[in-house]
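Student: This is the structure I have questions about; it appears just below.
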Amino acid sequence: MASAILLVVTEFLMFFFLVLGYMIRFKKRADLITGSKNMKIRNREGLTRLVGNSLLILAAAAFITFSGLLLYPESEVLVFLLYTALIVPVVGFFAAVKSRAFIE
């Protein structure tokens with residue numbers, strides 16, 4: 001059985017990214033984006049769509065990771081490491097680079 005700690009952490013990340021992504025993407029809560037009060041946003045709609053979608057992608061990837069932890073308990077560390085060391089930084093970097101187009 002997969003480590004309970006990894007399952008709990010992955011489930012927490014999944015729900016956190018899901019709720020935050022939903023609030024930013026569909027409720028247009030740009031104030032939830034770190035530093036948005038200090039920057040001049042050129043296209044609020046585009047920024048909330050990009051950041052919200054990125055968070056929803058991370059939530060979906062966390063769900064896949066959660067499933068992978070349950071299906072492959074012998075490789076639980078590798079599955080979790082793939083998510084935390086590869087998927088999260090790549091999606092975060094992509095969102096950070098693309099969000100520059102929406103900020104003056």
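Order determines the names: the first chain of the structure tokens is A, the second B, and so forth; residues in each chain are numbered 1 upward, and ligands are numbered 1 upward as they are shown.
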From a DSSP pass on the backbone, collect the residues of chain A flagged as alpha helix (DSSP H) and hand them back as a ChimeraX atom specification.

Tutor: /A:4-25,44-71,76-82,88-99

Student: Find the residues near Arg44 in chain A: any atom within 12 Å, counting only C-alpha atoms, skip ones fewer than 5 places away on the same chain, and give them as a PyMOL selection string.

Tutor: chain A and resi 24-25+27-31+33+36-37+39+49-52+99-104

Student: Keeping C-alpha atoms for every residue in the selection just given, could you write it to a file as a PDB file, in the first residue's frame?

Tutor:
```pdb
ATOM      1  CA  ILE A  24      -9.102  32.302 -10.309  1.00  0.00           C
ATOM      2  CA  ARG A  25     -10.305  30.883 -13.629  1.00  0.00           C
ATOM      3  CA  LYS A  27     -14.678  33.533 -10.556  1.00  0.00           C
ATOM      4  CA  LYS A  28     -12.033  35.889 -12.025  1.00  0.00           C
ATOM      5  CA  ARG A  29     -10.342  36.372  -8.631  1.00  0.00           C
ATOM      6  CA  ALA A  30      -7.093  37.974  -9.833  1.00  0.00           C
ATOM      7  CA  ASP A  31      -6.521  39.186  -6.268  1.00  0.00           C
ATOM      8  CA  ILE A  33      -2.582  35.772  -7.657  1.00  0.00           C
ATOM      9  CA  SER A  36      -1.362  41.194  -8.446  1.00  0.00           C
ATOM     10  CA  LYS A  37      -2.083  44.235  -6.280  1.00  0.00           C
ATOM     11  CA  MET A  39       1.444  45.197 -10.666  1.00  0.00           C
ATOM     12  CA  ARG A  49      -7.575  32.312 -17.596  1.00  0.00           C
ATOM     13  CA  LEU A  50      -3.874  31.414 -17.888  1.00  0.00           C
ATOM     14  CA  VAL A  51      -3.154  31.111 -14.166  1.00  0.00           C
ATOM     15  CA  GLY A  52      -6.466  29.361 -13.433  1.00  0.00           C
ATOM     16  CA  SER A  99       1.826  35.676 -17.779  1.00  0.00           C
ATOM     17  CA  ARG A 100       4.392  38.368 -18.649  1.00  0.00           C
ATOM     18  CA  ALA A 101       2.265  39.144 -21.727  1.00  0.00           C
ATOM     19  CA  PHE A 102      -0.606  40.271 -19.496  1.00  0.00           C
ATOM     20  CA  ILE A 103       1.403  42.556 -17.221  1.00  0.00           C
ATOM     21  CA  GLU A 104       2.710  46.028 -18.059  1.00  0.00           C
TER      22      GLU A 104
END
```

Student: Excluding Ser54 in chain A and its own-chain neighbours fewer than 6 positions away, which residues fall within 10 Å of it when counting only C-alpha atoms? Please give them as a ChimeraX atom specification.

Tutor: /A:17,21,25,48,60,88,91-92,94-96

Student: Using CA of Gly35 in chain A and CA of Lys98 in chain A as the two end points, give the distance in Å to one decimal.

Tutor: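 Separation of CA of Gly35 in chain A and CA of Lys98 in chain A: 15.8 Å.
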
Student: Need the shell around range 62-68 of chain A: protein/DNA/RNA residues with any atom at most 10 Å away, counting only C-alpha atoms. Skip same-chain ones fewer than 6 positions apart. Format as a list in words?

Tutor: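 Close residues of range 62-68 of chain A: Ala2, Leu6, Leu7, Val8, Val9, Thr10, Glu11, Phe12, Leu13, Met14, Phe15, Phe17, Leu18, Leu56, Ser75, Glu76, Leu78, Val79, Phe80, Leu81, Leu82, Tyr83, Thr84, Ile87 and Val88 of chain A.
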
Student: May I have the residues from that selection written out with N, CA and C atoms, as a PDB file, in the first residue's frame?

Tutor:
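Listing of part_14.pdb after writing:
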```
ATOM      1  N   ALA A   2       0.439   2.219  -0.730  1.00  0.00           N
ATOM      2  CA  ALA A   2       1.203   3.466  -0.825  1.00  0.00           C
ATOM      3  C   ALA A   2       1.274   4.143   0.537  1.00  0.00           C
ATOM      4  N   LEU A   6       2.264  10.280   1.603  1.00  0.00           N
ATOM      5  CA  LEU A   6       2.275  10.712   0.206  1.00  0.00           C
ATOM      6  C   LEU A   6       0.858  10.849  -0.346  1.00  0.00           C
ATOM      7  N   LEU A   7      -0.017   9.942   0.050  1.00  0.00           N
ATOM      8  CA  LEU A   7      -1.411  10.030  -0.395  1.00  0.00           C
ATOM      9  C   LEU A   7      -2.092  11.283   0.144  1.00  0.00           C
ATOM     10  N   VAL A   8      -1.870  11.577   1.418  1.00  0.00           N
ATOM     11  CA  VAL A   8      -2.492  12.753   2.028  1.00  0.00           C
ATOM     12  C   VAL A   8      -1.947  14.035   1.402  1.00  0.00           C
ATOM     13  N   VAL A   9      -0.645  14.095   1.211  1.00  0.00           N
ATOM     14  CA  VAL A   9      -0.041  15.293   0.614  1.00  0.00           C
ATOM     15  C   VAL A   9      -0.549  15.491  -0.809  1.00  0.00           C
ATOM     16  N   THR A  10      -0.594  14.429  -1.583  1.00  0.00           N
ATOM     17  CA  THR A  10      -1.071  14.529  -2.965  1.00  0.00           C
ATOM     18  C   THR A  10      -2.539  14.922  -3.016  1.00  0.00           C
ATOM     19  N   GLU A  11      -3.340  14.353  -2.133  1.00  0.00           N
ATOM     20  CA  GLU A  11      -4.763  14.707  -2.094  1.00  0.00           C
ATOM     21  C   GLU A  11      -4.947  16.166  -1.687  1.00  0.00           C
ATOM     22  N   PHE A  12      -4.171  16.630  -0.716  1.00  0.00           N
ATOM     23  CA  PHE A  12      -4.248  18.028  -0.308  1.00  0.00           C
ATOM     24  C   PHE A  12      -3.886  18.945  -1.474  1.00  0.00           C
ATOM     25  N   LEU A  13      -2.784  18.643  -2.170  1.00  0.00           N
ATOM     26  CA  LEU A  13      -2.380  19.459  -3.316  1.00  0.00           C
ATOM     27  C   LEU A  13      -3.449  19.470  -4.400  1.00  0.00           C
ATOM     28  N   MET A  14      -4.058  18.313  -4.629  1.00  0.00           N
ATOM     29  CA  MET A  14      -5.095  18.208  -5.640  1.00  0.00           C
ATOM     30  C   MET A  14      -6.271  19.130  -5.316  1.00  0.00           C
ATOM     31  N   PHE A  15      -6.767  19.070  -4.104  1.00  0.00           N
ATOM     32  CA  PHE A  15      -7.903  19.914  -3.733  1.00  0.00           C
ATOM     33  C   PHE A  15      -7.522  21.382  -3.652  1.00  0.00           C
ATOM     34  N   PHE A  17      -5.109  22.987  -5.417  1.00  0.00           N
ATOM     35  CA  PHE A  17      -4.987  23.508  -6.775  1.00  0.00           C
ATOM     36  C   PHE A  17      -6.338  23.573  -7.474  1.00  0.00           C
ATOM     37  N   LEU A  18      -7.210  22.628  -7.192  1.00  0.00           N
ATOM     38  CA  LEU A  18      -8.540  22.630  -7.802  1.00  0.00           C
ATOM     39  C   LEU A  18      -9.361  23.830  -7.349  1.00  0.00           C
ATOM     40  N   LEU A  56      -5.527  24.317 -12.636  1.00  0.00           N
ATOM     41  CA  LEU A  56      -6.407  23.175 -12.899  1.00  0.00           C
ATOM     42  C   LEU A  56      -5.628  22.014 -13.530  1.00  0.00           C
ATOM     43  N   SER A  75       6.534   1.824  -6.551  1.00  0.00           N
ATOM     44  CA  SER A  75       7.254   2.963  -7.154  1.00  0.00           C
ATOM     45  C   SER A  75       6.705   4.289  -6.663  1.00  0.00           C
ATOM     46  N   GLU A  76       6.192   4.307  -5.443  1.00  0.00           N
ATOM     47  CA  GLU A  76       5.508   5.499  -4.948  1.00  0.00           C
ATOM     48  C   GLU A  76       6.405   6.729  -4.889  1.00  0.00           C
ATOM     49  N   LEU A  78       9.044   7.389  -6.771  1.00  0.00           N
ATOM     50  CA  LEU A  78       9.297   7.824  -8.139  1.00  0.00           C
ATOM     51  C   LEU A  78       8.087   8.560  -8.713  1.00  0.00           C
ATOM     52  N   VAL A  79       6.895   8.035  -8.483  1.00  0.00           N
ATOM     53  CA  VAL A  79       5.674   8.672  -8.990  1.00  0.00           C
ATOM     54  C   VAL A  79       5.501  10.052  -8.359  1.00  0.00           C
ATOM     55  N   PHE A  80       5.681  10.150  -7.055  1.00  0.00           N
ATOM     56  CA  PHE A  80       5.529  11.429  -6.363  1.00  0.00           C
ATOM     57  C   PHE A  80       6.623  12.408  -6.795  1.00  0.00           C
ATOM     58  N   LEU A  81       7.834  11.926  -6.957  1.00  0.00           N
ATOM     59  CA  LEU A  81       8.947  12.768  -7.379  1.00  0.00           C
ATOM     60  C   LEU A  81       8.726  13.294  -8.795  1.00  0.00           C
ATOM     61  N   LEU A  82       8.171  12.476  -9.651  1.00  0.00           N
ATOM     62  CA  LEU A  82       7.857  12.906 -11.014  1.00  0.00           C
ATOM     63  C   LEU A  82       6.913  14.101 -10.988  1.00  0.00           C
ATOM     64  N   TYR A  83       5.923  14.054 -10.113  1.00  0.00           N
ATOM     65  CA  TYR A  83       4.964  15.155  -9.998  1.00  0.00           C
ATOM     66  C   TYR A  83       5.619  16.397  -9.404  1.00  0.00           C
ATOM     67  N   THR A  84       6.293  16.231  -8.265  1.00  0.00           N
ATOM     68  CA  THR A  84       6.807  17.399  -7.549  1.00  0.00           C
ATOM     69  C   THR A  84       8.055  18.000  -8.181  1.00  0.00           C
ATOM     70  N   ILE A  87       6.613  17.946 -13.046  1.00  0.00           N
ATOM     71  CA  ILE A  87       5.364  18.521 -13.548  1.00  0.00           C
ATOM     72  C   ILE A  87       5.092  19.894 -12.946  1.00  0.00           C
ATOM     73  N   VAL A  88       5.183  20.020 -11.627  1.00  0.00           N
ATOM     74  CA  VAL A  88       4.887  21.305 -10.979  1.00  0.00           C
ATOM     75  C   VAL A  88       5.833  22.412 -11.464  1.00  0.00           C
TER      76      VAL A  88
END
```

Student: How many Å separate CA of Asn38 in chain A from CA of Val19 in chain A?

Tutor: 23.5 Å

Student: Suppose you want the space between CA of Ile57 in chain A and CA of Glu74 in chain A; what is it in Å?

Tutor: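 Atom-to-atom, CA of Ile57 in chain A and CA of Glu74 in chain A are spaced 25.6 Å apart.
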
Student: Tell me which of A:Ala59, A:Ala85, A:Leu71, A:Val77 sits closest to Ser3 in chain A, counting only C-alpha atoms.

Tutor: A:Val77
